[in-house]
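Reproduced below: query-v1.cif, with mmCIF, N, CA and C atoms and all ligand atoms.
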```cif
data_query
loop_
_atom_site.label_atom_id
_atom_site.label_comp_id
_atom_site.auth_asym_id
_atom_site.auth_seq_id
_atom_site.Cartn_x
_atom_site.Cartn_y
_atom_site.Cartn_z
N MET A 201 62.53 32.69 111.47
CA MET A 201 62.75 34.05 111.02
C MET A 201 61.55 34.60 110.26
N GLY A 202 60.62 33.74 109.90
CA GLY A 202 59.47 34.21 109.15
C GLY A 202 58.62 35.21 109.91
N CYS A 203 58.79 35.25 111.23
CA CYS A 203 57.96 36.13 112.02
C CYS A 203 58.37 37.59 111.93
N LEU A 204 59.52 37.87 111.34
CA LEU A 204 60.01 39.24 111.35
C LEU A 204 59.10 40.19 110.57
N ARG A 205 58.35 39.66 109.62
CA ARG A 205 57.53 40.54 108.80
C ARG A 205 56.04 40.42 109.10
N CYS A 206 55.70 39.56 110.04
CA CYS A 206 54.29 39.25 110.19
C CYS A 206 53.56 40.18 111.14
N GLU A 207 54.29 41.01 111.86
CA GLU A 207 53.61 41.90 112.79
C GLU A 207 54.17 43.30 112.64
N ALA A 208 53.48 44.26 113.17
CA ALA A 208 53.87 45.65 112.96
C ALA A 208 54.89 46.10 114.00
N PRO A 209 56.14 46.28 113.61
CA PRO A 209 57.15 46.66 114.59
C PRO A 209 56.99 48.09 115.11
N ASP A 210 56.35 48.97 114.38
CA ASP A 210 56.27 50.37 114.79
C ASP A 210 55.47 50.56 116.07
N ARG A 211 54.58 49.65 116.33
CA ARG A 211 53.74 49.81 117.50
C ARG A 211 54.52 49.82 118.80
N THR A 212 55.61 49.05 118.84
CA THR A 212 56.33 48.90 120.11
C THR A 212 57.73 49.47 120.04
N ARG A 213 58.10 50.06 118.93
CA ARG A 213 59.48 50.53 118.77
C ARG A 213 59.86 51.51 119.88
N GLY A 214 61.00 51.22 120.51
CA GLY A 214 61.53 52.16 121.48
C GLY A 214 60.82 52.16 122.82
N ALA A 215 59.86 51.31 122.99
CA ALA A 215 59.10 51.34 124.23
C ALA A 215 59.91 50.83 125.42
N GLU A 216 60.73 49.83 125.16
CA GLU A 216 61.50 49.26 126.25
C GLU A 216 62.92 49.02 125.79
N ARG A 217 63.83 48.95 126.71
CA ARG A 217 65.23 48.64 126.40
C ARG A 217 65.57 47.28 126.95
N PRO A 218 66.42 46.55 126.25
CA PRO A 218 66.85 45.26 126.80
C PRO A 218 67.69 45.45 128.06
N GLN A 219 67.54 44.56 129.01
CA GLN A 219 68.31 44.65 130.24
C GLN A 219 69.63 43.91 130.14
N ARG A 220 69.63 42.81 129.43
CA ARG A 220 70.83 41.98 129.37
C ARG A 220 71.98 42.73 128.70
N GLY A 221 73.13 42.69 129.35
CA GLY A 221 74.33 43.20 128.71
C GLY A 221 74.39 44.71 128.64
N ALA A 222 73.44 45.39 129.19
CA ALA A 222 73.38 46.83 129.00
C ALA A 222 74.53 47.56 129.69
N GLN A 223 75.10 46.95 130.72
CA GLN A 223 76.15 47.63 131.46
C GLN A 223 77.54 47.33 130.92
N ARG A 224 77.65 46.47 129.97
CA ARG A 224 78.98 46.04 129.56
C ARG A 224 79.53 46.83 128.39
N GLY A 225 80.83 46.85 128.29
CA GLY A 225 81.47 47.53 127.18
C GLY A 225 81.29 46.76 125.88
N ASP A 226 81.49 47.47 124.82
CA ASP A 226 81.38 46.81 123.52
C ASP A 226 82.64 46.01 123.24
N GLU A 227 82.46 44.74 122.93
CA GLU A 227 83.61 43.90 122.66
C GLU A 227 83.41 43.12 121.38
N ALA A 228 82.44 43.53 120.62
CA ALA A 228 82.04 42.69 119.49
C ALA A 228 82.68 43.09 118.18
N GLY A 229 83.31 44.23 118.10
CA GLY A 229 83.99 44.56 116.87
C GLY A 229 83.36 45.72 116.12
N PRO A 230 83.98 46.09 115.02
CA PRO A 230 83.60 47.32 114.34
C PRO A 230 82.20 47.31 113.74
N MET A 231 81.63 46.13 113.49
CA MET A 231 80.32 46.11 112.88
C MET A 231 79.21 46.06 113.93
N SER A 232 79.60 46.04 115.17
CA SER A 232 78.61 45.92 116.23
C SER A 232 77.72 47.15 116.31
N THR A 233 76.50 46.91 116.69
CA THR A 233 75.60 48.02 116.93
C THR A 233 75.46 48.26 118.42
N GLY A 234 76.24 47.57 119.24
CA GLY A 234 76.15 47.75 120.67
C GLY A 234 75.03 46.93 121.27
N PRO A 235 74.78 47.11 122.55
CA PRO A 235 73.85 46.23 123.25
C PRO A 235 72.38 46.52 122.99
N ARG A 236 72.06 47.58 122.28
CA ARG A 236 70.64 47.85 122.05
C ARG A 236 70.04 46.81 121.11
N ALA A 237 68.77 46.66 121.18
CA ALA A 237 68.08 45.75 120.29
C ALA A 237 67.98 46.39 118.92
N ILE A 238 68.24 45.60 117.87
CA ILE A 238 68.08 46.14 116.54
C ILE A 238 66.88 45.53 115.82
N VAL A 239 66.34 44.45 116.35
CA VAL A 239 65.14 43.87 115.77
C VAL A 239 64.15 43.70 116.90
N ARG A 240 62.98 44.21 116.72
CA ARG A 240 62.01 44.10 117.80
C ARG A 240 60.62 44.12 117.21
N HIS A 241 59.81 43.21 117.68
CA HIS A 241 58.40 43.28 117.34
C HIS A 241 57.65 42.57 118.44
N GLU A 242 56.52 43.08 118.77
CA GLU A 242 55.76 42.52 119.88
C GLU A 242 56.66 42.35 121.10
N THR A 243 56.81 41.11 121.58
CA THR A 243 57.47 40.94 122.87
C THR A 243 58.88 40.35 122.77
N TRP A 244 59.37 40.10 121.57
CA TRP A 244 60.70 39.49 121.45
C TRP A 244 61.74 40.53 121.06
N THR A 245 62.90 40.41 121.69
CA THR A 245 64.02 41.28 121.35
C THR A 245 65.23 40.42 121.03
N LEU A 246 65.98 40.87 120.05
CA LEU A 246 67.21 40.18 119.64
C LEU A 246 68.39 41.09 119.97
N THR A 247 69.39 40.53 120.63
CA THR A 247 70.53 41.35 121.03
C THR A 247 71.80 40.50 120.99
N PRO A 248 72.96 41.11 120.72
CA PRO A 248 74.21 40.34 120.83
C PRO A 248 74.32 39.74 122.22
N ASP A 249 74.74 38.48 122.28
CA ASP A 249 74.77 37.76 123.55
C ASP A 249 76.08 37.99 124.26
N ARG A 250 76.06 38.74 125.36
CA ARG A 250 77.26 38.96 126.14
C ARG A 250 77.15 38.35 127.53
N GLU A 251 76.24 37.40 127.66
CA GLU A 251 76.12 36.71 128.94
C GLU A 251 77.34 35.81 129.15
N PRO A 252 77.64 35.48 130.43
CA PRO A 252 78.80 34.62 130.71
C PRO A 252 78.75 33.26 130.01
N ASP A 253 77.54 32.76 129.76
CA ASP A 253 77.45 31.45 129.13
C ASP A 253 77.34 31.53 127.61
N ALA A 254 77.52 32.71 127.05
CA ALA A 254 77.42 32.85 125.60
C ALA A 254 78.59 32.16 124.93
N ALA A 255 78.35 31.68 123.72
CA ALA A 255 79.46 31.16 122.93
C ALA A 255 80.42 32.31 122.63
N PRO A 256 81.70 32.03 122.55
CA PRO A 256 82.64 33.12 122.28
C PRO A 256 82.54 33.60 120.84
N LEU A 257 82.87 34.85 120.64
CA LEU A 257 83.05 35.36 119.29
C LEU A 257 84.19 34.56 118.66
N SER A 258 84.00 34.11 117.44
CA SER A 258 85.06 33.30 116.83
C SER A 258 85.26 33.68 115.36
N TYR A 259 86.42 33.34 114.88
CA TYR A 259 86.83 33.70 113.53
C TYR A 259 87.36 32.47 112.81
N LYS A 260 87.18 32.46 111.51
CA LYS A 260 87.91 31.50 110.68
C LYS A 260 88.05 32.11 109.29
N MET A 261 88.97 31.59 108.54
CA MET A 261 89.19 32.03 107.18
C MET A 261 88.78 30.91 106.23
N ARG A 262 88.14 31.29 105.13
CA ARG A 262 87.77 30.31 104.11
C ARG A 262 88.42 30.73 102.80
N CYS A 263 89.12 29.79 102.19
CA CYS A 263 89.71 30.04 100.88
C CYS A 263 88.59 30.08 99.85
N THR A 264 88.52 31.17 99.08
CA THR A 264 87.43 31.26 98.09
C THR A 264 87.72 30.43 96.85
N MET A 265 88.93 29.93 96.72
CA MET A 265 89.25 29.09 95.56
C MET A 265 88.82 27.64 95.79
N CYS A 266 89.12 27.10 96.96
CA CYS A 266 88.86 25.67 97.19
C CYS A 266 87.91 25.42 98.35
N GLU A 267 87.43 26.48 99.00
CA GLU A 267 86.48 26.36 100.10
C GLU A 267 87.07 25.75 101.37
N GLU A 268 88.35 25.46 101.35
CA GLU A 268 88.96 24.95 102.58
C GLU A 268 88.91 26.04 103.65
N GLU A 269 88.74 25.63 104.90
CA GLU A 269 88.61 26.59 105.99
C GLU A 269 89.65 26.35 107.06
N SER A 270 90.05 27.44 107.71
CA SER A 270 90.93 27.32 108.88
C SER A 270 90.13 26.77 110.04
N PRO A 271 90.79 26.27 111.06
CA PRO A 271 90.06 25.95 112.30
C PRO A 271 89.45 27.23 112.87
N LYS A 272 88.34 27.07 113.54
CA LYS A 272 87.70 28.19 114.23
C LYS A 272 88.59 28.63 115.39
N SER A 273 88.70 29.93 115.57
CA SER A 273 89.57 30.45 116.63
C SER A 273 88.89 31.62 117.32
N GLU A 274 89.23 31.83 118.58
CA GLU A 274 88.68 32.99 119.29
C GLU A 274 89.49 34.25 119.03
N GLY A 275 90.56 34.14 118.30
CA GLY A 275 91.34 35.31 117.87
C GLY A 275 91.53 35.25 116.37
N TRP A 276 92.02 36.33 115.77
CA TRP A 276 92.18 36.30 114.32
C TRP A 276 93.59 35.96 113.87
N ASN A 277 94.54 35.89 114.83
CA ASN A 277 95.91 35.59 114.42
C ASN A 277 96.03 34.21 113.78
N ASP A 278 95.45 33.20 114.41
CA ASP A 278 95.59 31.85 113.88
C ASP A 278 94.94 31.70 112.50
N PRO A 279 93.70 32.21 112.31
CA PRO A 279 93.12 32.12 110.96
C PRO A 279 93.94 32.87 109.90
N GLN A 280 94.51 34.00 110.29
CA GLN A 280 95.31 34.74 109.31
C GLN A 280 96.61 33.98 108.99
N SER A 281 97.20 33.38 110.02
CA SER A 281 98.40 32.56 109.77
C SER A 281 98.05 31.37 108.88
N TRP A 282 96.86 30.81 109.11
CA TRP A 282 96.42 29.69 108.28
C TRP A 282 96.32 30.12 106.81
N ALA A 283 95.75 31.32 106.57
CA ALA A 283 95.58 31.80 105.20
C ALA A 283 96.95 31.97 104.52
N LEU A 284 97.90 32.53 105.25
CA LEU A 284 99.24 32.72 104.66
C LEU A 284 99.87 31.36 104.33
N ALA A 285 99.72 30.41 105.26
CA ALA A 285 100.28 29.09 105.01
C ALA A 285 99.55 28.41 103.85
N HIS A 286 98.23 28.62 103.77
CA HIS A 286 97.45 28.01 102.69
C HIS A 286 97.91 28.55 101.33
N SER A 287 98.15 29.86 101.24
CA SER A 287 98.67 30.42 99.99
C SER A 287 100.08 29.91 99.70
N GLY A 288 100.86 29.69 100.77
CA GLY A 288 102.19 29.15 100.57
C GLY A 288 102.15 27.77 99.93
N LYS A 289 101.16 26.97 100.34
CA LYS A 289 101.04 25.61 99.79
C LYS A 289 100.30 25.60 98.45
N ASN A 290 99.46 26.63 98.24
CA ASN A 290 98.63 26.71 97.02
C ASN A 290 98.76 28.12 96.45
N PRO A 291 99.84 28.39 95.74
CA PRO A 291 100.14 29.77 95.36
C PRO A 291 99.05 30.46 94.52
N SER A 292 98.17 29.72 93.89
CA SER A 292 97.11 30.37 93.12
C SER A 292 95.90 30.71 93.99
N HIS A 293 95.91 30.29 95.24
CA HIS A 293 94.79 30.57 96.15
C HIS A 293 95.12 31.82 96.96
N ARG A 294 94.53 32.94 96.54
CA ARG A 294 94.94 34.22 97.15
C ARG A 294 93.78 35.05 97.67
N THR A 295 92.58 34.52 97.61
CA THR A 295 91.45 35.29 98.15
C THR A 295 90.73 34.47 99.20
N TYR A 296 90.32 35.14 100.25
CA TYR A 296 89.72 34.49 101.42
C TYR A 296 88.51 35.26 101.91
N SER A 297 87.65 34.56 102.57
CA SER A 297 86.57 35.21 103.31
C SER A 297 86.80 34.98 104.79
N GLU A 298 86.73 36.03 105.55
CA GLU A 298 86.77 35.89 107.00
C GLU A 298 85.36 35.60 107.47
N VAL A 299 85.21 34.53 108.22
CA VAL A 299 83.89 34.13 108.71
C VAL A 299 83.86 34.38 110.22
N ILE A 300 83.02 35.31 110.62
CA ILE A 300 82.93 35.68 112.03
C ILE A 300 81.64 35.12 112.60
N SER A 301 81.75 34.41 113.71
CA SER A 301 80.56 33.91 114.39
C SER A 301 80.35 34.74 115.65
N ARG A 302 79.22 35.45 115.69
CA ARG A 302 78.91 36.28 116.83
C ARG A 302 77.64 35.74 117.50
N PRO A 303 77.71 35.45 118.78
CA PRO A 303 76.51 34.91 119.44
C PRO A 303 75.45 35.99 119.64
N TRP A 304 74.22 35.64 119.37
CA TRP A 304 73.08 36.52 119.61
C TRP A 304 72.08 35.76 120.47
N ARG A 305 71.21 36.49 121.10
CA ARG A 305 70.22 35.89 121.98
C ARG A 305 68.91 36.64 121.83
N THR A 306 67.84 35.90 121.85
CA THR A 306 66.52 36.55 121.91
C THR A 306 65.98 36.41 123.32
N PHE A 307 65.19 37.35 123.71
CA PHE A 307 64.45 37.17 124.97
C PHE A 307 63.10 37.83 124.85
N MET A 308 62.19 37.34 125.65
CA MET A 308 60.81 37.80 125.57
C MET A 308 60.53 38.70 126.76
N HIS A 309 59.92 39.83 126.48
CA HIS A 309 59.54 40.72 127.56
C HIS A 309 58.35 40.16 128.31
N ALA A 310 58.26 40.52 129.57
CA ALA A 310 57.14 40.02 130.40
C ALA A 310 55.83 40.65 129.94
ZN ZN B 1 92.48 27.09 98.74
#
```
Starting from the coordinates I provided, produce the structure as structure tokens.
Amino acid sequence: MGCLRCEAPDRTRGAERPQRGAQRGDEAGPMSTGPRAIVRHETWTLTPDREPDAAPLSYKMRCTMCEEESPKSEGWNDPQSWALAHSGKNPSHRTYSEVISRPWRTFMHA
């Protein structure tokens, strides 16, 4: 990640668009910026990975009191059920962090 500041991004900003995933709908959630590249310098582009071989978007809940975590899930129902059950077993544990894993991919322009 140290390379993000070492070169001038303005020189190439907006010159090219990423090809991968450009035709697909947004499925990444409310914080997504869509398929466009949000970090670019020189020849590398970073984009959310929507290729067929990408790791799935996944969720888990972490108890902020004891750091215990739910199993990772591709949906949010199971982590939320885990949090409710965790509070049921530990009534003083009432705050959680939702941990979302979103796959990203870099690619280099020719
Ligand atoms: Zn806990």
For Ser273 (chain A), the nearest of the candidates A:Leu246, A:Leu257, A:Ala285, A:Met308, counting only N, CA and C atoms: A:Leu257
Contact residues around Thr264 (chain A) with only C-alpha atoms at 7 Å, ignoring same-chain residues under 2 positions, as a PyMOL selection string: chain A and resi 262+266-267+295-297
Any chance you could export the current selection's N, CA and C atoms as a compact mmCIF listing (two decimals), in the coordinates of the input?
```txt
# COMPACT_ATOMS: atom_id res chain seq x y z
N ARG A 262 88.14 31.29 105.13
CA ARG A 262 87.77 30.31 104.11
C ARG A 262 88.42 30.73 102.80
N CYS A 266 89.12 27.10 96.96
CA CYS A 266 88.86 25.67 97.19
C CYS A 266 87.91 25.42 98.35
N GLU A 267 87.43 26.48 99.00
CA GLU A 267 86.48 26.36 100.10
C GLU A 267 87.07 25.75 101.37
N THR A 295 92.58 34.52 97.61
CA THR A 295 91.45 35.29 98.15
C THR A 295 90.73 34.47 99.20
N TYR A 296 90.32 35.14 100.25
CA TYR A 296 89.72 34.49 101.42
C TYR A 296 88.51 35.26 101.91
N SER A 297 87.65 34.56 102.57
CA SER A 297 86.57 35.21 103.31
C SER A 297 86.80 34.98 104.79
```
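Shortest atom-to-atom contact with Ser281 (chain A) among A:His309, A:His293, A:Glu268, A:Lys260: A:Lys260, counting only C-alpha atoms.
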Separation of CA of Trp282 (chain A) from atom C of Met265 (chain A), in Å and rounded to one decimal: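 Between CA of Trp282 (chain A) and atom C of Met265 (chain A) the gap is 14.8 Å.
Here atom C of Thr243 (chain A) stands at a distance of 13.0 Å from atom N of Arg305 (chain A).
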Interatomic distance, CA of Pro271 (chain A) to atom N of Val299 (chain A) (Å, one decimal):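 Atom N of Val299 (chain A) lies 10.7 Å from CA of Pro271 (chain A).
Closest approach to ligand ZN 1 (chain B) among A:Ser301, A:Ser292, A:Ser258, A:Thr306: A:Ser292, based on only N, CA and C atoms and all ligand atoms.
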Nearest to Pro256 (chain A), chosen from A:Trp304, A:Pro291, A:Asp278, A:Leu284, with only C-alpha atoms counted in the distances: A:Trp304
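Distances to ligand ZN 1 (chain B) were evaluated for A:Ser270, A:Arg302, A:Gly288, A:Cys263 using only C-alpha atoms and all ligand atoms, and the minimum falls at A:Cys263.
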In region 242-271 of chain A, DSSP strand (DSSP E or B) residues written as an NGL selection string: :A and (244-248 or 258-263 or 269)
